[in-house]
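Worksheet for the structure shown next.
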Amino acid sequence: MALRLGRVLGLGRTLGRRHCCSKRPLPPDFVEALKAVVGGPNVSMAMTVREQHGHDESMHTCAPPDAVVWPQAVEQVQELAALCYRCRVPMVPFGTGTGLEGGVNAVQGGVCFDLSRMDAITELSLEDFSVVVEPGVTHKALNSHLRGTGLWFPVDPGADASLCGMAATGASGTNAVRYGTMRPNVLNLRVVLPDGRLLHTAGPGRQARKRAAGYDLTSLFVGSEGTLGFLTQATLRLHPLPEAVATTIAAFPSVRAAVACTVQVLQAAVPVARIEFLDEVMVGACSRFSGLELPAAATLLLELHGSRHSLAEQQRQAGLLHGHLRAHLPPDRRRGRDPAGPAGLRPHWTQPRHSASTPLPSVWAGGHWRQGAPALGSTAWGWASGRCCWRSWARRGWTPCAASRPRWTPTTS
């Protein structure tokens, strides 16, 4: 009945055009117009290339575009966007294809804009703690470029994603507990709108921290998933590189105890950089995959950033909070029979930010010799009577030579 009513009212053709998966062929001579803008080698209609750009790391079925273009300048992106806008051809931005939402799937066909060849770091301001990057610059490439400056970009979603793609998807990562997600770390964006116009969300060349006046257009485009425009440049906030990094693995008898410890750590204002939670199933899977010997229990993985002296206080606070939960542990752990210690706390070491040319001493950890430096370069994190304490290398039988200890001064090479 509904179908007949739709035919009578003449809605069938309209509904067909608005269907989310309807595809129209490209207009005549449209591909030649694309080649006139970016050149023939930068346009591809090969099925293999289209399928490569029709999916990401998500579970969604591949939906290839009709054509793939590789612009190399913002002016070319503007011309291509204006051309597609006039011809009513769908446009899909593409960075590295590491997303998990299916945002690059061209369900309506159209043209895929692969921005990976726009990979310049156009400006670096050490005094302002900011950097300006193009969409082809990845997270690892930026931190490699910043090596030796004492700064880094801490937002790490896990994959080597493009920075503009991270801004478009509102990426976060394990460092979000201290450094935040992409939203507070993006200061300005240069956006090509669907009709080809150019927009600077905070003004051309501006990177103000305060956004009290006018619309917050930067936050509007961060997390827009590429639906509002092409992010062709991003001004990002940089952070000082921590002098040292300490990691902790803490086991708990239940999920409730692990969550309670996490809340207490945050309420105590311990500047934790990362907090990751694994339940018993995930701990067992990780142990089997990596050949580890972790207890099958609710586990917290913590990472602390700071100076050598501040890390000692941070670790002491986290250890005391974890020790307060010792009463909830089974009796065998409270009496110290568990190899993980009475409080379930395992040893961890501080990894300083050192020069790559400086060798790290080998230390005995978890039944294996590992290349790394114990906590603060001269002490190891241990346990005693359910409390956290420091044990010297001599008491553990470790005698590294002073020449092999890592330097704490940042490298300039």
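Ordered as shown in the structure tokens, chains take letters A, B, and onward, while each chain numbers its residues from 1 and ligands are numbered from 1 in the order shown.
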Report as a compact mmCIF listing (two decimals) with C-alpha atoms, in the first residue's frame all protein, DNA and RNA residues lying within 9 Å of Phe113 in chain A, evaluated on only C-alpha atoms, omitting residues in the same chain fewer than 2 positions from it.
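Heads up, here's the output in out_36.txt:
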# COMPACT_ATOMS: atom_id res chain seq x y z
CA ALA A 67 38.23 7.93 -8.77
CA VAL A 68 41.22 8.76 -6.56
CA VAL A 69 43.18 12.01 -6.77
CA TRP A 70 46.41 13.09 -5.06
CA PRO A 71 46.52 16.89 -4.66
CA VAL A 77 42.34 20.95 -3.21
CA LEU A 80 39.09 19.95 -7.09
CA MET A 91 33.96 13.97 -2.06
CA VAL A 92 35.72 11.73 0.47
CA PRO A 93 38.94 12.84 2.28
CA PHE A 94 41.58 10.16 2.90
CA GLY A 95 44.65 10.29 5.15
CA VAL A 111 36.11 11.17 -5.72
CA LEU A 115 46.09 14.04 1.01
CA PHE A 230 39.08 19.15 4.06
Enumerate, as an MDAnalysis selection string, the complete set of residues in range 113-267 of chain A that a backbone-based DSSP assignment places in helix (DSSP H, G or I). chainID A and resid 139:145 163:169 176:179 182:185 217:221 255:267
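Around Glu134 in chain A, within 9 Å and counting only C-alpha atoms, the residues found are Leu115, Ser116, Met118, Asp119, Ala120, Ile121, Thr122, Ser162, Leu163, Cys164, Leu231, Thr232, Gln233 and Ala234 of chain A, once anything fewer than 5 positions away on its own chain is removed.
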Neighbour list for range 291-296 of chain A as a list of chain:residue names, cut-off 6 Å, only C-alpha atoms, skip fewer than 5 positions in-chain: A:Glu280, A:Val283, A:Gly284
Extract, using only C-alpha atoms, all DNA, RNA and protein residues at most 9 Å from range 184-188 of chain A, discarding same-chain residues fewer than 4 positions from it, and format them as a VMD selection string. chain A and resid 130 132 153 155 167 179 to 180 200 to 209 217 to 219 222 233 to 238
May I have all residues of range 274-307 of chain A that DSSP, computed from the backbone, assigns to strand (DSSP E), given as a list in words?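 Residues of range 274-307 of chain A classed as strand (DSSP E): Arg274, Ile275, Glu276, Phe277, Leu278, Ala298, Thr299, Leu300, Leu301, Leu302, Glu303, Leu304, His305 and Gly306 of chain A.
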Kindly export the residues of the current selection with N, CA, C and O atoms, as a compact mmCIF listing (two decimals), in the first residue's frame.
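result_30.txt was written with the following content:
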# COMPACT_ATOMS: atom_id res chain seq x y z
N ARG A 274 49.42 7.76 31.71
CA ARG A 274 48.61 6.72 31.09
C ARG A 274 48.03 5.84 32.19
O ARG A 274 48.70 5.54 33.17
N ILE A 275 46.79 5.42 31.99
CA ILE A 275 46.17 4.40 32.82
C ILE A 275 45.39 3.47 31.89
O ILE A 275 44.45 3.90 31.23
N GLU A 276 45.81 2.23 31.84
CA GLU A 276 45.14 1.24 31.00
C GLU A 276 44.65 0.10 31.89
O GLU A 276 45.36 -0.35 32.79
N PHE A 277 43.44 -0.36 31.62
CA PHE A 277 42.84 -1.43 32.41
C PHE A 277 42.70 -2.69 31.55
O PHE A 277 42.26 -2.61 30.39
N LEU A 278 43.06 -3.83 32.12
CA LEU A 278 42.90 -5.13 31.47
C LEU A 278 42.19 -6.06 32.44
O LEU A 278 42.59 -6.16 33.61
N ALA A 298 42.51 -8.82 37.33
CA ALA A 298 42.30 -7.44 36.88
C ALA A 298 43.59 -6.65 37.08
O ALA A 298 44.17 -6.65 38.17
N THR A 299 44.05 -5.98 36.04
CA THR A 299 45.37 -5.37 36.04
C THR A 299 45.29 -3.93 35.56
O THR A 299 44.54 -3.62 34.62
N LEU A 300 46.05 -3.07 36.20
CA LEU A 300 46.21 -1.69 35.76
C LEU A 300 47.64 -1.48 35.27
O LEU A 300 48.60 -1.93 35.92
N LEU A 301 47.77 -0.82 34.14
CA LEU A 301 49.07 -0.42 33.60
C LEU A 301 49.16 1.10 33.71
O LEU A 301 48.37 1.82 33.10
N LEU A 302 50.09 1.59 34.47
CA LEU A 302 50.25 3.02 34.70
C LEU A 302 51.60 3.48 34.20
O LEU A 302 52.60 2.75 34.27
N GLU A 303 51.62 4.70 33.68
CA GLU A 303 52.86 5.33 33.24
C GLU A 303 52.91 6.73 33.82
O GLU A 303 51.95 7.50 33.72
N LEU A 304 54.05 7.07 34.41
CA LEU A 304 54.25 8.36 35.06
C LEU A 304 55.32 9.13 34.30
O LEU A 304 56.35 8.57 33.93
N HIS A 305 55.08 10.41 34.07
CA HIS A 305 56.03 11.29 33.39
C HIS A 305 56.46 12.39 34.35
O HIS A 305 55.66 12.88 35.15
N GLY A 306 57.72 12.77 34.27
CA GLY A 306 58.20 13.88 35.09
C GLY A 306 59.71 13.87 35.20
O GLY A 306 60.42 13.21 34.43
Could you check which of A:Pro271, A:Ala81, A:Ala260, A:Leu126 is closest to Gly148 in chain A, using only C-alpha atoms?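 Using only C-alpha atoms, Gly148 in chain A sits closest to A:Leu126.
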Fewer than 2 positions away in the same chain doesn't count, so skip those; otherwise give me all residues within 7 Å of Gln78 in chain A, counting only C-alpha atoms, as an NGL selection string. :A and (74-76 or 80-82 or 192 or 196-197)
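Nearest to Leu266 in chain A of all the residues A:Leu189, A:Val49, A:Ala251, A:Val177 is A:Val177, based on only C-alpha atoms.
One distance worth recording is that between CA of Ala269 in chain A and CA of Arg183 in chain A, which is 22.4 Å.
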If you count only C-alpha atoms, the residue of A:Ala258, A:Ser224, A:Asp128, A:Ala250 closest to Leu151 in chain A turns out to be A:Asp128
Contact residues around Ala268 in chain A with only C-alpha atoms at 9 Å, ignoring same-chain residues under 3 positions, as a VMD selection string: chain A and resid 263 to 265 271 317 to 318 321
Residues from the last selection, C-alpha atoms, saved as a JSON list (two decimals), in the first residue's frame:
[["chain", "number", "residue", "atom", "x", "y", "z"],
["A", 263, "VAL", "CA", 39.69, 6.82, 41.22],
["A", 264, "GLN", "CA", 41.91, 7.26, 44.27],
["A", 265, "VAL", "CA", 44.98, 7.92, 42.12],
["A", 271, "PRO", "CA", 49.99, 13.28, 37.50],
["A", 317, "GLN", "CA", 51.72, 8.00, 46.18],
["A", 318, "ALA", "CA", 50.51, 5.45, 43.64],
["A", 321, "LEU", "CA", 47.09, 3.95, 47.30]]
What does the distance from CA of Arg178 in chain A to CA of Ala273 in chain A come to in Å, to one decimal?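 CA of Ala273 in chain A lies at a distance of 4.9 Å from CA of Arg178 in chain A.
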